[in-house]
Every structure is written in structure tokens, then in C-alpha cells.
Amino acid sequence: MNCYFHPAIEGVVTCGKCGVAMCRECEQNAFFRLDNGNGQALCNRCSLVAAQENVDFGKSYLKSRLIKLIICAVLVFSGLIAMWIYNAQEDSARGIFIAVILWAISGAVSKIGDRNNDSIKTQIKDAAEEYNHPISSLLVKIIVNAIFGPIMLLINIYGYMAYKALHKKDLEKLNYLQSILNE
């Protein structure tokens, strides 16, 4: 069977998705491979589909992450403003209390939609701890989120910018693949 893209050359492998024959050059220059880039090569058409899927996912992911960033930024800066206003009124305890609550909400919002990479055993242990000690568990979460809320905002801004750069590369790859297939 000859290569689908170079009919004069003998095919040595098949595409990992559609099964068309590919020559050695097509296999070596494949843009996408199965198994996180270590497996069977994909032909240019299947690579184009994979690139489009990456771009579509990246676009929706960036949109949801930007919304989360805006909400967290509003909460963190509202906490700072509350501290500043109440400090000017010589009621700094109330300002700190409001800031802690807003920062705790910000920390909780920053975790929405994140994957939990803990093991099943750890998740079960955490659930049992929350069941056995609901008040202390809630207080710990509030304190931790209040402390890390503003820090998570900075981390999320950095993560957004890094993912946006990666998305730009995915767009360039998609445009390049489209130009190759249109030739």
C-alpha cells in the first residue's frame, strides 16, 4: 500500500486514527501522535482535527479562566478597599474581618473547576475528616483560603498568561496545518 499523501512512495505505517498509509517522511514529520506524543503518528488530516480540538478547548478554557480571574480580582481588591476604608474610620478589626471573608471566597472561587489530583485514599480520608469534624474543617478551609486567596490570584494570573501563550502556539500550528492541506 502506498502513502496516501505521496502516492509514489511505499507506505510503512498507518495513521493512528483513520488508518491511511503513511511513508517514512510523513511518519517522521507528523504533528500529532497518540499516547501524549509517544505513540503512533497521525496523518495531516487527523492532525488538523486534533489541532482544531486543541484550539477549541483552549479557547473555552481561557474564557472560563478569565471569568474566574476577574471574580477573584474583584474580591481581593474589595477586601483591600474594605481594610483601607475601615482603617481610616479607626475600625480596623471590621475591615480585616471583611477582607478575610472576601479573600476566603476568592480562594474558594479560584479552586472551582480545578482537577483534584489526590488519590482516592486521600479523598476518602478528607471526606471522613469533614464528616467527623464539620465545623473545624470549615474553619480551616476559610482560614487557608483567606491566606492563600490573594496569592492564588497572582498564581492564576501567571497561569492564565502561560496558557494563553500555549494557546497562541496551538493556533499557529493549526494555521500551518491548514496551509499545508490547502496546497
# chains A, B, ... in the order shown; residues from 1 in each chain; ligands from 1
>>> residues_around(residues="A:Lys63", least_positions_apart="5", cutoff="12 Å", atoms="only C-alpha atoms", output="ChimeraX atom specification")
/A:56-58,68-70,160,163-164,167
>>> select_by_dssp(residues="chain A", states="alpha helix (DSSP H)", output="PyMOL selection string")
chain A and resi 24-28+34-37+44-88+92-111+120-132+134-182
>>> residues_around(residues="A:Pro150", least_positions_apart="2", cutoff="8 Å", atoms="only C-alpha atoms", output="VMD selection string")
chain A and resid 76 103 106 to 107 146 to 148 152 to 154
>>> residues_around(residues="stretch 38-40 of chain A", least_positions_apart="5", cutoff="9 Å", atoms="only C-alpha atoms", output="list in words")
Val13, Thr14, Cys15, Gly16, Lys17, Glu27, Phe32 and Arg33 of chain A
>>> residues_around(residues="A:Ile180", least_positions_apart="4", cutoff="9 Å", atoms="only C-alpha atoms", output="list in words")
Asn44, Asn175 and Tyr176 of chain A
>>> residues_around(residues="A:Ala8", least_positions_apart="4", cutoff="12 Å", atoms="only C-alpha atoms", output="list in words")
Met1, Asn2, Cys3, Tyr4, Met22 and Cys23 of chain A
>>> write_last_selection(atoms="N, CA and C atoms", output="tab-separated table (two decimals), in the first residue's frame")
chain	number	residue	atom	x	y	z
A	1	MET	N	0.85	-1.17	0.00
A	1	MET	CA	0.00	0.00	0.00
A	1	MET	C	0.89	1.24	0.00
A	2	ASN	N	0.58	2.19	-0.85
A	2	ASN	CA	1.39	3.41	-0.97
A	2	ASN	C	0.88	4.50	-0.03
A	3	CYS	N	1.77	5.46	0.21
A	3	CYS	CA	1.45	6.58	1.10
A	3	CYS	C	0.28	7.38	0.52
A	4	TYR	N	-0.65	7.74	1.35
A	4	TYR	CA	-1.83	8.48	0.94
A	4	TYR	C	-1.45	9.86	0.42
A	22	MET	N	1.07	5.76	5.48
A	22	MET	CA	1.98	6.91	5.53
A	22	MET	C	3.40	6.43	5.24
A	23	CYS	N	4.14	7.23	4.47
A	23	CYS	CA	5.54	6.90	4.20
A	23	CYS	C	6.38	7.30	5.40
>>> select_by_dssp(residues="stretch 8-179 of chain A", states="strand (DSSP E or B)", output="PyMOL selection string")
chain A and resi 10+13-14+21-22+33+41
>>> write_last_selection(atoms="N, CA, C and O atoms", output="PDB file, in the first residue's frame")
ATOM      1  N   GLU A  10       6.194   4.025  -1.045  1.00  0.00           N
ATOM      2  CA  GLU A  10       5.613   2.920  -0.285  1.00  0.00           C
ATOM      3  C   GLU A  10       5.269   3.374   1.145  1.00  0.00           C
ATOM      4  O   GLU A  10       6.057   4.029   1.809  1.00  0.00           O
ATOM      5  N   VAL A  13       3.790   2.856   7.652  1.00  0.00           N
ATOM      6  CA  VAL A  13       2.950   2.858   8.848  1.00  0.00           C
ATOM      7  C   VAL A  13       1.556   3.335   8.462  1.00  0.00           C
ATOM      8  O   VAL A  13       1.339   3.830   7.357  1.00  0.00           O
ATOM      9  N   THR A  14       0.641   3.206   9.393  1.00  0.00           N
ATOM     10  CA  THR A  14      -0.704   3.732   9.164  1.00  0.00           C
ATOM     11  C   THR A  14      -1.012   4.808  10.207  1.00  0.00           C
ATOM     12  O   THR A  14      -0.437   4.814  11.299  1.00  0.00           O
ATOM     13  N   ALA A  21      -2.325   4.832   4.866  1.00  0.00           N
ATOM     14  CA  ALA A  21      -0.889   4.525   4.820  1.00  0.00           C
ATOM     15  C   ALA A  21      -0.084   5.822   4.802  1.00  0.00           C
ATOM     16  O   ALA A  21      -0.486   6.818   4.202  1.00  0.00           O
ATOM     17  N   MET A  22       1.071   5.760   5.477  1.00  0.00           N
ATOM     18  CA  MET A  22       1.975   6.912   5.526  1.00  0.00           C
ATOM     19  C   MET A  22       3.397   6.432   5.244  1.00  0.00           C
ATOM     20  O   MET A  22       3.808   5.378   5.720  1.00  0.00           O
ATOM     21  N   ARG A  33       0.805  12.710  17.641  1.00  0.00           N
ATOM     22  CA  ARG A  33       0.936  11.277  17.855  1.00  0.00           C
ATOM     23  C   ARG A  33       0.008  10.873  18.986  1.00  0.00           C
ATOM     24  O   ARG A  33      -0.316  11.685  19.848  1.00  0.00           O
ATOM     25  N   ALA A  41       1.822   7.791  14.856  1.00  0.00           N
ATOM     26  CA  ALA A  41       1.668   9.087  14.212  1.00  0.00           C
ATOM     27  C   ALA A  41       0.269   9.234  13.614  1.00  0.00           C
ATOM     28  O   ALA A  41      -0.370   8.254  13.225  1.00  0.00           O
TER      29      ALA A  41
END
>>> atom_distance(atom1="atom CA of A:Leu75", atom2="atom CA of A:Leu102")
5.5 Å
>>> residues_around(residues="A:Ile143", least_positions_apart="6", cutoff="9 Å", atoms="only C-alpha atoms", output="number ranges by chain")
A: 100-101, 104
>>> write_last_selection(atoms="C-alpha atoms", output="mmCIF file, in the first residue's frame")
data_model
loop_
_atom_site.group_PDB
_atom_site.id
_atom_site.type_symbol
_atom_site.label_atom_id
_atom_site.label_comp_id
_atom_site.auth_asym_id
_atom_site.auth_seq_id
_atom_site.Cartn_x
_atom_site.Cartn_y
_atom_site.Cartn_z
ATOM 1 C CA VAL A 100 -10.652 37.798 55.356
ATOM 2 C CA ILE A 101 -14.171 36.772 54.304
ATOM 3 C CA ALA A 104 -11.666 33.273 51.614
#
>>> atom_distance(atom1="atom CA of A:Val49", atom2="atom CA of A:Gln178")
10.1 Å
>>> closest_residue(among="A:Leu80, A:Ile142, A:Cys18, A:Ile71", to="A:Arg45", atoms="only C-alpha atoms")
A:Cys18
>>> closest_residue(among="A:Arg24, A:His6, A:Arg65, A:Lys59", to="A:Ile112", atoms="only C-alpha atoms")
A:Arg65
>>> closest_residue(among="A:Gly95, A:Lys111, A:Glu25, A:His133", to="A:Phe5", atoms="only C-alpha atoms")
A:Glu25
